[in-house]
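**Q** Structure: final.cif, mmCIF, C-alpha atoms.
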```
data_entry
loop_
_atom_site.label_atom_id
_atom_site.label_comp_id
_atom_site.auth_asym_id
_atom_site.auth_seq_id
_atom_site.Cartn_x
_atom_site.Cartn_y
_atom_site.Cartn_z
CA MET A 208 0.00 0.00 0.00
CA ASP A 209 1.08 3.52 -0.71
CA PRO A 210 2.62 5.05 2.45
CA LEU A 211 1.21 8.49 1.58
CA ARG A 212 -2.27 7.02 1.53
CA ILE A 213 -1.80 5.44 4.97
CA ILE A 214 -0.57 8.77 6.37
CA SER A 215 -3.55 10.62 4.93
CA MET A 216 -6.00 8.05 6.34
CA LEU A 217 -4.40 8.36 9.79
CA VAL A 218 -4.70 12.16 9.68
CA VAL A 219 -8.35 11.94 8.57
CA ALA A 220 -9.11 9.46 11.38
CA ALA A 221 -7.51 11.83 13.92
CA GLY A 222 -9.69 14.63 12.56
CA ALA A 223 -12.82 12.49 12.91
CA PHE A 224 -11.85 11.85 16.54
CA PHE A 225 -11.63 15.59 17.23
CA LEU A 226 -15.01 16.16 15.54
CA LEU A 227 -16.42 13.52 17.90
CA VAL A 228 -14.86 15.37 20.85
CA GLY A 229 -16.56 18.57 19.69
CA SER A 230 -19.94 16.84 19.42
CA VAL A 231 -19.67 15.29 22.88
CA GLY A 232 -18.57 18.65 24.30
CA ILE A 233 -21.70 20.33 22.96
CA ILE A 234 -23.80 17.77 24.84
CA ARG A 235 -21.86 17.49 28.10
CA LEU A 236 -20.43 20.91 28.94
CA PRO A 237 -22.42 22.71 31.65
CA ASP A 238 -23.00 26.19 30.20
CA PHE A 239 -23.50 28.04 26.94
CA TYR A 240 -20.18 29.86 27.21
CA ALA A 241 -18.39 26.58 27.91
CA ARG A 242 -20.09 24.95 24.92
CA THR A 243 -18.70 27.73 22.72
CA HIS A 244 -15.24 26.27 23.34
CA ALA A 245 -16.30 22.86 21.99
CA THR A 246 -17.50 24.25 18.69
CA SER A 247 -14.78 26.86 18.18
CA LYS A 248 -11.70 24.82 19.10
CA SER A 249 -12.31 21.08 18.79
CA ASP A 250 -14.43 21.36 15.66
CA THR A 251 -11.92 23.66 13.97
CA LEU A 252 -9.01 21.34 14.73
CA GLY A 253 -10.95 18.31 13.52
CA LEU A 254 -11.93 20.02 10.29
CA MET A 255 -8.31 21.16 9.77
CA LEU A 256 -7.02 17.61 10.16
CA VAL A 257 -9.68 16.02 7.92
CA LEU A 258 -9.22 18.52 5.09
CA ALA A 259 -5.41 18.33 5.37
CA GLY A 260 -5.58 14.55 5.16
CA LEU A 261 -7.82 14.73 2.09
CA ALA A 262 -5.41 17.21 0.49
CA ILE A 263 -2.50 14.80 1.14
CA TYR A 264 -4.56 11.98 -0.41
CA GLU A 265 -5.38 14.06 -3.47
CA GLY A 266 -1.77 15.04 -4.18
CA PHE A 267 -0.63 18.40 -5.50
CA ASP A 268 -3.17 19.78 -8.00
CA LEU A 269 -5.95 22.34 -8.23
CA ASN A 270 -8.36 20.34 -6.04
CA SER A 271 -5.98 20.11 -3.10
CA VAL A 272 -5.29 23.85 -3.38
CA LYS A 273 -9.05 24.46 -3.20
CA LEU A 274 -9.27 22.13 -0.19
CA LEU A 275 -6.58 24.18 1.54
CA LEU A 276 -8.51 27.33 0.62
CA VAL A 277 -11.62 25.94 2.35
CA LEU A 278 -9.41 25.00 5.31
CA VAL A 279 -8.02 28.53 5.68
CA PHE A 280 -11.47 30.09 5.30
CA VAL A 281 -13.11 27.88 7.94
CA VAL A 282 -10.18 28.28 10.33
CA LEU A 283 -10.63 32.04 10.09
CA THR A 284 -14.43 32.15 10.27
CA ASN A 285 -15.52 29.34 12.61
CA PRO A 286 -14.08 30.88 15.82
CA VAL A 287 -15.30 34.30 14.70
CA GLY A 288 -18.86 32.97 14.37
CA ALA A 289 -18.74 31.33 17.79
CA HIS A 290 -17.34 34.54 19.30
CA ALA A 291 -20.09 36.65 17.69
CA LEU A 292 -22.73 34.29 19.11
CA ALA A 293 -21.15 34.46 22.61
CA ARG A 294 -21.03 38.26 22.40
CA ALA A 295 -24.70 38.39 21.36
CA ALA A 296 -25.62 36.13 24.30
CA LEU A 297 -23.68 38.34 26.74
CA LYS A 298 -25.37 41.51 25.46
CA PHE A 299 -28.73 39.72 25.54
CA GLY A 300 -28.27 39.22 29.28
CA LEU A 301 -27.35 35.54 29.57
CA ARG A 302 -25.29 35.21 32.76
CA PRO A 303 -22.30 32.82 32.81
CA THR A 304 -22.64 29.89 35.23
CA PHE A 305 -20.03 29.96 37.99
CA ALA A 306 -18.35 27.09 39.82
CA GLY A 307 -20.55 25.36 42.40
CA GLU A 308 -23.79 26.21 40.64
CA PRO A 309 -25.98 23.63 38.90
CA ARG A 310 -25.85 23.17 35.14
CA ASP A 311 -27.34 26.03 33.09
CA ALA A 312 -28.08 28.20 36.16
CA GLY A 313 -27.89 31.44 34.13
CA ALA A 314 -30.12 30.07 31.39
CA ALA A 315 -32.68 28.86 33.98
CA GLU A 316 -32.84 32.40 35.43
CA LEU A 317 -33.45 33.83 31.96
CA VAL A 318 -36.21 31.29 31.21
CA ASP A 319 -37.89 31.95 34.58
CA ALA A 320 -37.76 35.73 34.03
CA ALA A 321 -39.35 35.32 30.59
CA ALA A 322 -42.12 33.10 32.01
CA ALA A 323 -42.83 35.62 34.78
CA ASN A 324 -42.96 38.41 32.20
CA GLN A 325 -45.46 36.48 30.09
CA GLU A 326 -47.68 35.84 33.12
CA GLU A 327 -47.64 39.55 33.92
CA GLU A 328 -48.68 40.39 30.39
CA GLY A 329 -51.42 37.75 30.42
CA SER A 330 -53.12 38.89 33.65
CA MET B 54 -10.82 2.45 -4.07
CA GLY B 55 -13.10 4.75 -2.13
CA ARG B 56 -14.16 2.10 0.38
CA GLU B 57 -12.63 3.75 3.45
CA PHE B 58 -14.33 7.03 2.62
CA VAL B 59 -17.73 5.30 2.83
CA TYR B 60 -16.92 4.08 6.33
CA LEU B 61 -15.70 7.54 7.33
CA ALA B 62 -18.87 9.13 5.95
CA VAL B 63 -21.04 6.75 7.98
CA ILE B 64 -19.07 7.50 11.16
CA LEU B 65 -19.29 11.23 10.47
CA THR B 66 -23.07 10.99 10.00
CA ILE B 67 -23.33 9.47 13.48
CA ILE B 68 -21.13 12.29 14.83
CA ILE B 69 -23.43 14.86 13.16
CA ILE B 70 -26.54 13.40 14.81
CA ILE B 71 -25.18 14.06 18.35
CA PRO B 72 -25.56 17.91 18.43
CA PHE B 73 -29.25 17.58 17.42
CA TYR B 74 -29.87 16.85 21.11
CA ARG B 75 -28.67 20.36 21.95
CA VAL B 76 -30.71 21.91 19.13
CA VAL B 77 -33.93 20.28 20.40
CA LYS B 78 -33.28 20.48 24.16
CA GLY B 79 -31.10 23.61 24.54
CA PRO B 80 -32.40 25.85 27.34
CA THR B 81 -31.84 29.10 25.44
CA LEU B 82 -31.95 30.26 21.85
CA PHE B 83 -28.17 30.60 21.75
CA ASP B 84 -27.58 26.94 22.59
CA ARG B 85 -29.76 25.98 19.66
CA LEU B 86 -27.88 28.33 17.33
CA LEU B 87 -24.55 26.92 18.53
CA GLY B 88 -25.77 23.41 17.77
CA VAL B 89 -26.88 24.45 14.31
CA GLY B 90 -23.46 26.02 13.65
CA ALA B 91 -21.66 22.87 14.79
CA ILE B 92 -23.84 20.73 12.53
CA GLY B 93 -23.03 23.06 9.62
CA THR B 94 -19.29 22.78 10.21
CA LYS B 95 -19.41 18.99 10.31
CA THR B 96 -21.66 18.84 7.23
CA LEU B 97 -18.88 20.66 5.38
CA VAL B 98 -16.56 17.72 6.03
CA LEU B 99 -19.30 15.26 5.06
CA ILE B 100 -19.79 16.97 1.68
CA CYS B 101 -16.03 16.70 1.02
CA LEU B 102 -16.06 12.99 1.88
CA VAL B 103 -19.10 12.38 -0.36
CA GLY B 104 -17.14 14.04 -3.17
CA PHE B 105 -14.28 11.57 -2.63
CA VAL B 106 -16.72 8.64 -2.49
CA TYR B 107 -18.16 9.54 -5.89
CA GLY B 108 -14.75 10.48 -7.31
CA ARG B 109 -16.04 13.94 -8.29
CA ILE B 110 -14.13 16.10 -5.80
CA ASP B 111 -13.62 18.80 -8.47
CA MET B 112 -17.37 19.48 -8.38
CA PHE B 113 -18.06 18.94 -4.67
CA ILE B 114 -15.23 21.18 -3.47
CA ASP B 115 -16.99 24.22 -4.97
CA ILE B 116 -20.20 23.23 -3.15
CA THR B 117 -18.14 22.98 0.03
CA LEU B 118 -16.73 26.48 -0.42
CA ALA B 119 -20.20 27.95 -1.00
CA TYR B 120 -21.53 26.05 2.03
CA ALA B 121 -18.73 27.44 4.23
CA VAL B 122 -19.50 31.00 3.16
CA LEU B 123 -23.26 30.59 3.73
CA ASN B 124 -22.70 29.00 7.14
CA PHE B 125 -20.52 31.91 8.26
CA ILE B 126 -22.83 34.60 6.90
CA GLY B 127 -25.86 32.98 8.54
CA ASN B 128 -24.08 32.73 11.88
CA ILE B 129 -23.00 36.37 11.83
CA ALA B 130 -26.39 37.66 10.66
CA ILE B 131 -28.31 35.79 13.38
CA ALA B 132 -25.82 36.89 16.04
CA LYS B 133 -26.31 40.51 14.96
CA TYR B 134 -30.09 40.08 14.92
CA PHE B 135 -30.42 38.71 18.46
CA ILE B 136 -27.92 41.06 20.08
CA HIS B 137 -30.70 43.13 21.73
CA PRO B 138 -33.60 41.73 23.76
CA ARG B 139 -36.99 42.27 22.15
CA ALA B 140 -38.72 45.43 23.30
CA ASP B 141 -42.21 43.93 23.79
CA SER B 142 -41.32 40.88 25.94
CA LYS B 143 -38.10 41.71 27.68
CA GLY B 144 -35.53 38.91 28.09
CA SER B 145 -37.40 36.13 26.31
CA PRO B 146 -34.86 33.49 25.25
#
```
Translate the structure of the given file into structure tokens.

**A**
Amino acid sequence: MDPLRIISMLVVAAGAFFLLVGSVGIIRLPDFYARTHATSKSDTLGLMLVLAGLAIYEGFDLNSVKLLLVLVFVVLTNPVGAHALARAALKFGLRPTFAGEPRDAGAAELVDAAAANQEEEGS
Amino acid sequence: MGREFVYLAVILTIIIIIPFYRVVKGPTLFDRLLGVGAIGTKTLVLICLVGFVYGRIDMFIDITLAYAVLNFIGNIAIAKYFIHPRADSKGSP
């Protein structure tokens, strides 16, 4: 078997592992601001590794250059998108959850406040 | 030839299903948007792998580039849109 192909498959498998880490982080982390880390760091690294492995597999031609172009674009924009979402949440009034509090304490406060507001409007 | 890419695409599909839990369950709007963004990023990789499975990467890589741009623009636009609480029902997530 071609050694270059084995290397590229190993890199792609490592990237799939980091994408799995990002997915599990979105489920298991305790707070919105913590979950932002999972999507901005683990997902970006996984996507970098998968696309780099595919570019190695493809060899040096126009397609691999385009793959690297996609890689650079996503590496620049994915953390920016997550940061913009976190900034919007902070300006919206979502409070970060501190150590010792239950999961999603800030979000629970926001949901309770909204429910109380709706009851006030209804009565 | 492209056998291993089929396996990788199946594994990646399972990985993509996981954040749907956060999209459905997420306590606030922002959790749901984060889940949608994560699904979009992983779908990008899936489109690339499907291109390798079919042996038509020259066509699918352009789709991937357009998908990346649309994902980013959508994320930024929604983040800008929800930056202020609504005036009528204050603080509704």

**Q** Extract, using all atoms listed in the file, all DNA, RNA and protein residues at most 7 Å from stretch 237-249 of chain A, discarding same-chain residues fewer than 4 positions from it, and format them as a count of residues only.

**A** 17

**Q** Select, as a tab-separated table (two decimals) with C-alpha atoms, in the frame of the given file, those residues of chain A with any atom no more than 9 Å from chain B (distances computed using all atoms listed in the file).

**A**
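In the end it all went to iface-v2.tsv:
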```tsv
chain	number	residue	atom	x	y	z
A	216	MET	CA	-6.00	8.05	6.34
A	219	VAL	CA	-8.35	11.94	8.57
A	220	ALA	CA	-9.11	9.46	11.38
A	223	ALA	CA	-12.82	12.49	12.91
A	226	LEU	CA	-15.01	16.16	15.54
A	227	LEU	CA	-16.42	13.52	17.90
A	229	GLY	CA	-16.56	18.57	19.69
A	230	SER	CA	-19.94	16.84	19.42
A	231	VAL	CA	-19.67	15.29	22.88
A	233	ILE	CA	-21.70	20.33	22.96
A	234	ILE	CA	-23.80	17.77	24.84
A	238	ASP	CA	-23.00	26.19	30.20
A	239	PHE	CA	-23.50	28.04	26.94
A	242	ARG	CA	-20.09	24.95	24.92
A	243	THR	CA	-18.70	27.73	22.72
A	245	ALA	CA	-16.30	22.86	21.99
A	246	THR	CA	-17.50	24.25	18.69
A	247	SER	CA	-14.78	26.86	18.18
A	250	ASP	CA	-14.43	21.36	15.66
A	251	THR	CA	-11.92	23.66	13.97
A	254	LEU	CA	-11.93	20.02	10.29
A	257	VAL	CA	-9.68	16.02	7.92
A	258	LEU	CA	-9.22	18.52	5.09
A	261	LEU	CA	-7.82	14.73	2.09
A	269	LEU	CA	-5.95	22.34	-8.23
A	270	ASN	CA	-8.36	20.34	-6.04
A	273	LYS	CA	-9.05	24.46	-3.20
A	274	LEU	CA	-9.27	22.13	-0.19
A	276	LEU	CA	-8.51	27.33	0.62
A	277	VAL	CA	-11.62	25.94	2.35
A	280	PHE	CA	-11.47	30.09	5.30
A	281	VAL	CA	-13.11	27.88	7.94
A	284	THR	CA	-14.43	32.15	10.27
A	285	ASN	CA	-15.52	29.34	12.61
A	287	VAL	CA	-15.30	34.30	14.70
A	288	GLY	CA	-18.86	32.97	14.37
A	289	ALA	CA	-18.74	31.33	17.79
A	291	ALA	CA	-20.09	36.65	17.69
A	292	LEU	CA	-22.73	34.29	19.11
A	293	ALA	CA	-21.15	34.46	22.61
A	294	ARG	CA	-21.03	38.26	22.40
A	295	ALA	CA	-24.70	38.39	21.36
A	296	ALA	CA	-25.62	36.13	24.30
A	297	LEU	CA	-23.68	38.34	26.74
A	298	LYS	CA	-25.37	41.51	25.46
A	299	PHE	CA	-28.73	39.72	25.54
A	300	GLY	CA	-28.27	39.22	29.28
A	301	LEU	CA	-27.35	35.54	29.57
A	311	ASP	CA	-27.34	26.03	33.09
A	314	ALA	CA	-30.12	30.07	31.39
A	315	ALA	CA	-32.68	28.86	33.98
A	317	LEU	CA	-33.45	33.83	31.96
A	318	VAL	CA	-36.21	31.29	31.21
A	320	ALA	CA	-37.76	35.73	34.03
A	321	ALA	CA	-39.35	35.32	30.59
A	322	ALA	CA	-42.12	33.10	32.01
A	324	ASN	CA	-42.96	38.41	32.20
A	325	GLN	CA	-45.46	36.48	30.09
A	328	GLU	CA	-48.68	40.39	30.39
```

**Q** Could you please determine the separation between atom CA of A:Glu308 and atom CA of A:Glu327 in Å, to one decimal place?

**A** 28.1 Å

**Q** Grab all the atoms of stretch 111-123 of chain B that the file lists, wrap them in a box along x, y and z, add 3 Å per side, and give me centre plus edge lengths in Å (one decimal) as AutoDock Vina command-line options.

**A**
```
--center_x -18.4 --center_y 24.9 --center_z -2.1 --size_x 15.6 --size_y 18.2 --size_z 18.7
```

**Q** Point out the residue among B:Val89, B:Leu99, B:Gly108, B:Val77 with the least atom-to-atom distance to B:Arg56, counting only C-alpha atoms.

**A** B:Gly108

**Q** Do you have the atom CA of A:Gly260-atom CA of A:His290 distance handy?

**A** 27.2 Å

**Q** Can you tell me, as number ranges by chain, what residues are no more than 9 Å from A:Leu275 when counting all atoms listed in the file, ignoring any on the same chain fewer than 3 positions away?

**A** A: 255, 258-259, 262, 270-272, 278-280
